[in-house]
Amino acid sequence: MSRIGNKIITIPAGVTVDFNENHVTVKGPKGTLENTFNPHITYKVEGNTITVIRPDDTIAMKTIHGTTRALLHNMVVGVSEGFKKKLEIVGIGYRAAMRGENLVLNIGYSHEVVITPDAGVKISSPSATEVVVEGADRQAVGQTAARIRAVRKPEPYKGKGIKYTDEVILRKEGKRAGKK
(Lines give C-alpha, C1' and ligand atoms only; values in the text may rest on other atoms or scores of the structure.)
Protein backbone atom coordinates (compact mmCIF):
# COMPACT_ATOMS: atom_id res chain seq x y z
CA MET A 1 0.00 0.00 0.00
CA SER A 2 1.42 3.36 -1.01
CA ARG A 3 0.81 5.82 1.80
CA ILE A 4 2.15 8.82 -0.10
CA GLY A 5 0.34 7.95 -3.32
CA ASN A 6 -3.02 7.66 -1.56
CA LYS A 7 -2.87 11.13 0.01
CA ILE A 8 -5.21 13.71 -1.46
CA ILE A 9 -3.76 16.89 -2.99
CA THR A 10 -5.65 20.06 -2.08
CA ILE A 11 -5.64 22.81 -4.71
CA PRO A 12 -5.40 26.28 -3.07
CA ALA A 13 -7.32 29.30 -4.34
CA GLY A 14 -5.74 30.95 -7.38
CA VAL A 15 -4.15 27.73 -8.69
CA THR A 16 -5.38 25.91 -11.78
CA VAL A 17 -4.39 22.37 -12.75
CA ASP A 18 -4.90 21.20 -16.35
CA PHE A 19 -4.57 17.55 -17.40
CA ASN A 20 -3.91 16.68 -21.04
CA GLU A 21 -3.62 12.87 -20.92
CA ASN A 22 -0.27 12.39 -19.13
CA HIS A 23 0.91 16.04 -19.44
CA VAL A 24 0.06 18.23 -16.42
CA THR A 25 0.19 22.05 -16.34
CA VAL A 26 -0.12 23.90 -13.02
CA LYS A 27 -0.59 27.69 -13.02
CA GLY A 28 -0.53 29.95 -10.00
CA PRO A 29 0.62 33.31 -8.67
CA LYS A 30 4.31 32.24 -8.53
CA GLY A 31 4.45 30.94 -12.12
CA THR A 32 3.64 27.97 -14.32
CA LEU A 33 5.06 24.45 -14.06
CA GLU A 34 4.65 21.59 -16.53
CA ASN A 35 5.52 17.92 -16.30
CA THR A 36 4.81 14.71 -18.19
CA PHE A 37 4.00 11.68 -16.05
CA ASN A 38 3.54 7.95 -16.68
CA PRO A 39 0.57 7.36 -19.02
CA HIS A 40 -0.79 4.51 -16.85
CA ILE A 41 -1.51 6.82 -13.89
CA THR A 42 -4.93 8.52 -13.86
CA TYR A 43 -6.18 11.55 -11.94
CA LYS A 44 -9.56 12.23 -10.36
CA VAL A 45 -10.44 15.88 -9.73
CA GLU A 46 -13.31 16.58 -7.32
CA GLY A 47 -13.83 20.24 -6.47
CA ASN A 48 -10.51 21.49 -5.16
CA THR A 49 -8.88 18.08 -4.56
CA ILE A 50 -6.89 15.73 -6.78
CA THR A 51 -6.56 11.99 -6.24
CA VAL A 52 -3.83 10.05 -8.06
CA ILE A 53 -4.97 6.54 -9.06
CA ARG A 54 -2.80 3.59 -10.15
CA PRO A 55 -4.14 0.84 -12.45
CA ASP A 56 -2.88 -2.20 -10.48
CA ASP A 57 -0.85 -3.23 -7.43
CA THR A 58 2.44 -4.24 -9.05
CA ILE A 59 5.60 -2.99 -7.38
CA ALA A 60 6.47 -0.78 -10.36
CA MET A 61 3.05 0.90 -10.30
CA LYS A 62 3.23 1.44 -6.53
CA THR A 63 6.56 3.26 -6.83
CA ILE A 64 5.39 5.38 -9.78
CA HIS A 65 2.16 6.12 -7.89
CA GLY A 66 3.95 7.64 -4.89
CA THR A 67 6.47 9.51 -7.01
CA THR A 68 3.80 10.98 -9.29
CA ARG A 69 1.73 12.18 -6.35
CA ALA A 70 4.77 13.77 -4.66
CA LEU A 71 5.87 15.55 -7.85
CA LEU A 72 2.34 16.83 -8.53
CA HIS A 73 2.02 18.06 -4.93
CA ASN A 74 5.37 19.86 -5.21
CA MET A 75 4.16 21.56 -8.39
CA VAL A 76 0.97 22.78 -6.66
CA VAL A 77 2.86 24.03 -3.59
CA GLY A 78 5.55 25.64 -5.78
CA VAL A 79 3.17 27.79 -7.83
CA SER A 80 1.16 28.83 -4.76
CA GLU A 81 3.79 29.34 -2.01
CA GLY A 82 7.17 28.69 -3.65
CA PHE A 83 10.25 27.03 -2.18
CA LYS A 84 13.17 28.63 -0.35
CA LYS A 85 16.63 27.43 0.72
CA LYS A 86 18.85 29.50 2.99
CA LEU A 87 22.63 29.10 3.11
CA GLU A 88 25.22 30.51 5.52
CA ILE A 89 28.83 31.34 4.76
CA VAL A 90 31.18 30.64 7.69
CA GLY A 91 34.82 31.72 7.67
CA ILE A 92 36.98 34.82 8.04
CA GLY A 93 37.03 36.79 4.79
CA TYR A 94 34.39 34.57 3.15
CA ARG A 95 31.59 36.63 1.62
CA ALA A 96 28.91 36.71 -1.04
CA ALA A 97 27.64 39.58 -3.19
CA MET A 98 25.18 40.00 -6.02
CA ARG A 99 26.28 41.13 -9.47
CA GLY A 100 23.07 41.56 -11.43
CA GLU A 101 21.29 38.19 -11.27
CA ASN A 102 24.52 36.28 -10.56
CA LEU A 103 26.00 35.44 -7.18
CA VAL A 104 29.70 36.24 -6.68
CA LEU A 105 31.47 34.24 -3.95
CA ASN A 106 34.84 35.13 -2.41
CA ILE A 107 35.65 32.09 -0.30
CA GLY A 108 39.38 31.59 -0.09
CA TYR A 109 40.23 30.86 -3.72
CA SER A 110 42.54 33.04 -5.81
CA HIS A 111 39.55 33.99 -7.96
CA GLU A 112 35.89 34.90 -7.55
CA VAL A 113 33.34 32.13 -8.13
CA VAL A 114 30.29 33.27 -10.12
CA ILE A 115 27.08 31.24 -9.80
CA THR A 116 24.35 31.73 -12.42
CA PRO A 117 20.86 30.71 -11.22
CA ASP A 118 18.85 28.07 -13.06
CA ALA A 119 15.76 29.14 -15.02
CA GLY A 120 12.93 30.17 -12.71
CA VAL A 121 15.22 30.53 -9.67
CA LYS A 122 16.06 33.80 -7.91
CA ILE A 123 19.19 34.17 -5.77
CA SER A 124 19.53 36.99 -3.23
CA SER A 125 22.11 37.89 -0.61
CA PRO A 126 20.60 39.87 2.29
CA SER A 127 24.02 40.13 3.97
CA ALA A 128 27.60 39.20 3.12
CA THR A 129 27.28 35.84 4.89
CA GLU A 130 23.75 34.84 3.86
CA VAL A 131 22.39 33.52 0.55
CA VAL A 132 18.72 32.84 -0.18
CA VAL A 133 17.59 30.71 -3.14
CA GLU A 134 13.89 30.98 -4.08
CA GLY A 135 11.65 29.66 -6.84
CA ALA A 136 8.56 27.68 -7.79
CA ASP A 137 10.34 24.52 -8.98
CA ARG A 138 11.55 22.52 -5.97
CA GLN A 139 14.11 20.56 -7.97
CA ALA A 140 15.66 23.70 -9.51
CA VAL A 141 15.85 25.47 -6.13
CA GLY A 142 17.52 22.46 -4.50
CA GLN A 143 19.93 22.00 -7.41
CA THR A 144 20.99 25.66 -7.39
CA ALA A 145 21.49 25.60 -3.60
CA ALA A 146 23.53 22.39 -3.91
CA ARG A 147 25.74 23.99 -6.60
CA ILE A 148 26.40 26.97 -4.29
CA ARG A 149 27.22 24.67 -1.34
CA ALA A 150 29.52 22.52 -3.49
CA VAL A 151 31.84 25.48 -4.13
CA ARG A 152 33.21 25.17 -0.56
CA LYS A 153 31.66 22.40 1.53
CA PRO A 154 31.89 22.88 5.31
CA GLU A 155 34.91 21.20 6.84
CA PRO A 156 34.61 19.26 10.14
CA TYR A 157 37.36 20.93 12.19
CA LYS A 158 36.41 24.61 12.24
CA GLY A 159 33.13 24.43 10.28
CA LYS A 160 34.36 26.83 7.59
CA GLY A 161 32.55 26.78 4.27
CA ILE A 162 29.02 27.15 2.89
CA LYS A 163 26.28 25.29 4.74
CA TYR A 164 22.49 25.20 4.84
CA THR A 165 21.08 27.27 7.73
CA ASP A 166 19.50 24.24 9.40
CA GLU A 167 22.46 21.92 8.71
CA VAL A 168 24.46 20.61 11.66
CA ILE A 169 28.19 20.11 11.05
CA LEU A 170 29.62 17.30 13.19
CA ARG A 171 32.88 18.60 14.57
CA LYS A 172 36.04 16.55 14.99
CA GLU A 173 38.68 17.29 17.58
CA GLY A 174 42.09 18.23 16.27
CA LYS A 175 45.39 16.38 16.75
CA ARG A 176 46.40 18.32 19.86
CA ALA A 177 43.14 17.74 21.71
CA GLY A 178 43.72 13.97 21.74
CA LYS A 179 47.32 14.06 23.07
CA LYS A 180 48.11 13.84 26.75
# chains A, B, ... in the order shown; residues from 1 in each chain; ligands from 1
call {"tool": "select_by_dssp", "arguments": {"residues": "segment 142-174 of chain A", "states": "strand (DSSP E)", "output": "list in words"}}
result
Gly161, Ile162, Lys163 and Tyr164 of chain A
call {"tool": "residues_around", "arguments": {"residues": "Arg69 of chain A", "least_positions_apart": "4", "cutoff": "8 Å", "atoms": "only C-alpha atoms", "output": "list in words"}}
result
Ile4, Gly5, Lys7, Ile9, Val52, His65 and His73 of chain A
call {"tool": "write_last_selection", "arguments": {"atoms": "N, CA and C atoms", "output": "CSV table (one decimal), in the first residue's frame"}}
result
chain,number,residue,atom,x,y,z
A,4,ILE,N,2.0,7.5,0.5
A,4,ILE,CA,2.1,8.8,-0.1
A,4,ILE,C,1.2,8.9,-1.3
A,5,GLY,N,1.1,7.9,-2.1
A,5,GLY,CA,0.3,7.9,-3.3
A,5,GLY,C,-1.1,8.1,-3.0
A,7,LYS,N,-2.5,9.8,-0.6
A,7,LYS,CA,-2.9,11.1,0.0
A,7,LYS,C,-3.6,12.0,-1.0
A,9,ILE,N,-4.4,15.6,-2.8
A,9,ILE,CA,-3.8,16.9,-3.0
A,9,ILE,C,-4.8,18.0,-3.0
A,52,VAL,N,-4.6,10.8,-7.1
A,52,VAL,CA,-3.8,10.1,-8.1
A,52,VAL,C,-4.2,8.6,-7.9
A,65,HIS,N,3.3,5.5,-8.5
A,65,HIS,CA,2.2,6.1,-7.9
A,65,HIS,C,2.6,7.1,-6.8
A,73,HIS,N,2.2,17.2,-6.1
A,73,HIS,CA,2.0,18.1,-4.9
A,73,HIS,C,3.1,19.2,-4.9
call {"tool": "select_by_dssp", "arguments": {"residues": "chain A", "states": "helix (DSSP H, G or I)", "output": "PyMOL selection string"}}
result
chain A and resi 3-6+59-80+138-151+175-178
call {"tool": "residues_around", "arguments": {"residues": "Glu21 of chain A", "least_positions_apart": "3", "cutoff": "12 Å", "atoms": "only C-alpha atoms", "output": "PDB file with N, CA and C atoms, in the first residue's frame"}}
result
ATOM      1  N   ASP A  18      -4.345  21.709 -15.100  1.00  0.00           N
ATOM      2  CA  ASP A  18      -4.901  21.203 -16.354  1.00  0.00           C
ATOM      3  C   ASP A  18      -4.231  19.879 -16.703  1.00  0.00           C
ATOM      4  N   VAL A  24       0.743  17.426 -17.431  1.00  0.00           N
ATOM      5  CA  VAL A  24       0.060  18.234 -16.423  1.00  0.00           C
ATOM      6  C   VAL A  24       0.658  19.633 -16.421  1.00  0.00           C
ATOM      7  N   THR A  25      -0.218  20.655 -16.426  1.00  0.00           N
ATOM      8  CA  THR A  25       0.194  22.053 -16.337  1.00  0.00           C
ATOM      9  C   THR A  25      -0.452  22.662 -15.103  1.00  0.00           C
ATOM     10  N   ASN A  35       4.816  19.187 -16.428  1.00  0.00           N
ATOM     11  CA  ASN A  35       5.521  17.921 -16.298  1.00  0.00           C
ATOM     12  C   ASN A  35       4.740  16.844 -17.037  1.00  0.00           C
ATOM     13  N   THR A  36       5.440  15.846 -17.529  1.00  0.00           N
ATOM     14  CA  THR A  36       4.811  14.708 -18.188  1.00  0.00           C
ATOM     15  C   THR A  36       5.037  13.485 -17.318  1.00  0.00           C
ATOM     16  N   PHE A  37       3.943  12.825 -16.939  1.00  0.00           N
ATOM     17  CA  PHE A  37       4.003  11.678 -16.049  1.00  0.00           C
ATOM     18  C   PHE A  37       3.726  10.389 -16.812  1.00  0.00           C
ATOM     19  N   ASN A  38       3.798   9.266 -16.113  1.00  0.00           N
ATOM     20  CA  ASN A  38       3.545   7.947 -16.684  1.00  0.00           C
ATOM     21  C   ASN A  38       2.112   7.896 -17.230  1.00  0.00           C
ATOM     22  N   PRO A  39       1.916   7.376 -18.440  1.00  0.00           N
ATOM     23  CA  PRO A  39       0.566   7.365 -19.022  1.00  0.00           C
ATOM     24  C   PRO A  39      -0.405   6.400 -18.333  1.00  0.00           C
ATOM     25  N   HIS A  40       0.093   5.465 -17.519  1.00  0.00           N
ATOM     26  CA  HIS A  40      -0.793   4.514 -16.847  1.00  0.00           C
ATOM     27  C   HIS A  40      -1.498   5.128 -15.639  1.00  0.00           C
ATOM     28  N   ILE A  41      -0.938   6.178 -15.070  1.00  0.00           N
ATOM     29  CA  ILE A  41      -1.512   6.819 -13.890  1.00  0.00           C
ATOM     30  C   ILE A  41      -2.678   7.708 -14.326  1.00  0.00           C
ATOM     31  N   THR A  42      -3.779   7.661 -13.571  1.00  0.00           N
ATOM     32  CA  THR A  42      -4.931   8.516 -13.859  1.00  0.00           C
ATOM     33  C   THR A  42      -5.177   9.461 -12.684  1.00  0.00           C
ATOM     34  N   TYR A  43      -5.927  10.509 -12.933  1.00  0.00           N
ATOM     35  CA  TYR A  43      -6.183  11.548 -11.937  1.00  0.00           C
ATOM     36  C   TYR A  43      -7.679  11.768 -11.814  1.00  0.00           C
TER      37      TYR A  43
END
call {"tool": "residues_around", "arguments": {"residues": "Val15 of chain A", "least_positions_apart": "6", "cutoff": "7 Å", "atoms": "only C-alpha atoms", "output": "PyMOL selection string"}}
result
chain A and resi 27-28+80
call {"tool": "residues_around", "arguments": {"residues": "segment 131-135 of chain A", "least_positions_apart": "2", "cutoff": "9 Å", "atoms": "only C-alpha atoms", "output": "PyMOL selection string"}}
result
chain A and resi 30+78-79+82-89+96-97+103+117+120-129+137-138+140-142+144-145
call {"tool": "write_last_selection", "arguments": {"atoms": "N, CA and C atoms", "output": "short mmCIF file (atom, residue, chain, number, x, y, z; two decimals), in the first residue's frame"}}
result
data_model
loop_
_atom_site.label_atom_id
_atom_site.label_comp_id
_atom_site.auth_asym_id
_atom_site.auth_seq_id
_atom_site.Cartn_x
_atom_site.Cartn_y
_atom_site.Cartn_z
N LYS A 30 2.84 32.26 -8.48
CA LYS A 30 4.31 32.24 -8.53
C LYS A 30 4.85 31.77 -9.87
N GLY A 78 4.58 24.72 -5.18
CA GLY A 78 5.55 25.64 -5.78
C GLY A 78 4.90 26.85 -6.42
N VAL A 79 3.80 26.65 -7.16
CA VAL A 79 3.17 27.79 -7.83
C VAL A 79 2.32 28.61 -6.88
N GLY A 82 5.77 28.64 -3.25
CA GLY A 82 7.17 28.69 -3.65
C GLY A 82 8.04 27.95 -2.65
N PHE A 83 9.29 27.72 -3.03
CA PHE A 83 10.25 27.03 -2.18
C PHE A 83 11.43 27.94 -1.91
N LYS A 84 12.07 27.76 -0.76
CA LYS A 84 13.17 28.63 -0.35
C LYS A 84 14.23 27.80 0.36
N LYS A 85 15.49 28.03 0.02
CA LYS A 85 16.63 27.43 0.72
C LYS A 85 17.54 28.56 1.18
N LYS A 86 17.95 28.49 2.45
CA LYS A 86 18.85 29.50 2.99
C LYS A 86 20.21 28.86 3.26
N LEU A 87 21.27 29.57 2.88
CA LEU A 87 22.63 29.10 3.11
C LEU A 87 23.39 30.13 3.92
N GLU A 88 24.35 29.65 4.72
CA GLU A 88 25.22 30.51 5.52
C GLU A 88 26.66 30.32 5.07
N ILE A 89 27.41 31.41 5.08
CA ILE A 89 28.83 31.34 4.76
C ILE A 89 29.60 31.56 6.07
N ALA A 96 29.69 36.83 0.19
CA ALA A 96 28.91 36.71 -1.04
C ALA A 96 28.37 38.08 -1.41
N ALA A 97 28.21 38.33 -2.71
CA ALA A 97 27.64 39.58 -3.19
C ALA A 97 26.89 39.29 -4.48
N LEU A 103 25.43 35.40 -8.52
CA LEU A 103 26.00 35.44 -7.18
C LEU A 103 27.51 35.32 -7.31
N PRO A 117 22.02 31.50 -11.65
CA PRO A 117 20.86 30.71 -11.22
C PRO A 117 20.23 29.95 -12.39
N GLY A 120 14.02 30.15 -13.68
CA GLY A 120 12.93 30.17 -12.71
C GLY A 120 13.38 30.26 -11.27
N VAL A 121 14.67 30.45 -11.03
CA VAL A 121 15.22 30.53 -9.67
C VAL A 121 15.79 31.92 -9.45
N LYS A 122 15.55 32.47 -8.26
CA LYS A 122 16.06 33.80 -7.91
C LYS A 122 17.01 33.65 -6.72
N ILE A 123 18.21 34.20 -6.86
CA ILE A 123 19.19 34.17 -5.77
C ILE A 123 19.28 35.58 -5.21
N SER A 124 19.32 35.69 -3.87
CA SER A 124 19.53 36.99 -3.23
C SER A 124 20.51 36.81 -2.08
N SER A 125 21.15 37.91 -1.70
CA SER A 125 22.11 37.89 -0.61
C SER A 125 21.81 39.04 0.34
N PRO A 126 20.98 38.80 1.37
CA PRO A 126 20.60 39.87 2.29
C PRO A 126 21.80 40.45 3.06
N SER A 127 22.80 39.64 3.34
CA SER A 127 24.02 40.13 3.97
C SER A 127 25.20 39.41 3.33
N ALA A 128 26.40 39.77 3.74
CA ALA A 128 27.60 39.20 3.12
C ALA A 128 27.79 37.72 3.45
N THR A 129 27.12 37.24 4.50
CA THR A 129 27.28 35.84 4.89
C THR A 129 26.01 35.02 4.73
N ASP A 137 9.97 25.90 -8.69
CA ASP A 137 10.34 24.52 -8.98
C ASP A 137 11.26 24.00 -7.88
N ARG A 138 10.78 23.03 -7.10
CA ARG A 138 11.55 22.52 -5.97
C ARG A 138 12.88 21.92 -6.39
N ALA A 140 14.72 22.66 -9.07
CA ALA A 140 15.66 23.70 -9.51
C ALA A 140 16.22 24.49 -8.33
N VAL A 141 15.38 24.76 -7.32
CA VAL A 141 15.85 25.47 -6.13
C VAL A 141 16.88 24.63 -5.38
N GLY A 142 16.59 23.35 -5.19
CA GLY A 142 17.52 22.46 -4.50
C GLY A 142 18.82 22.28 -5.26
N THR A 144 20.22 24.42 -7.45
CA THR A 144 20.99 25.66 -7.39
C THR A 144 21.65 25.81 -6.02
N ALA A 145 20.92 25.52 -4.95
CA ALA A 145 21.49 25.60 -3.60
C ALA A 145 22.62 24.59 -3.43
#
call {"tool": "closest_residue", "arguments": {"among": "A:Glu167, A:Glu46, A:Glu81, A:Glu112", "to": "Arg99 of chain A", "atoms": "only C-alpha atoms"}}
result
A:Glu112
call {"tool": "atom_distance", "arguments": {"atom1": "atom CA of Lys175 of chain A", "atom2": "atom CA of Ile162 of chain A"}}
result
24.0 Å
call {"tool": "residues_around", "arguments": {"residues": "Lys158 of chain A", "least_positions_apart": "6", "cutoff": "9 Å", "atoms": "only C-alpha atoms", "output": "JSON, numbers by chain"}}
result
{"A": [91, 171, 172]}
call {"tool": "atom_distance", "arguments": {"atom1": "atom CA of Thr67 of chain A", "atom2": "atom CA of Asn48 of chain A"}}
result
20.9 Å
call {"tool": "atom_distance", "arguments": {"atom1": "atom CA of Asn106 of chain A", "atom2": "atom CA of Val168 of chain A"}}
result
22.7 Å
call {"tool": "residues_around", "arguments": {"residues": "Pro154 of chain A", "least_positions_apart": "4", "cutoff": "8 Å", "atoms": "only C-alpha atoms", "output": "PyMOL selection string"}}
result
chain A and resi 159-163+169
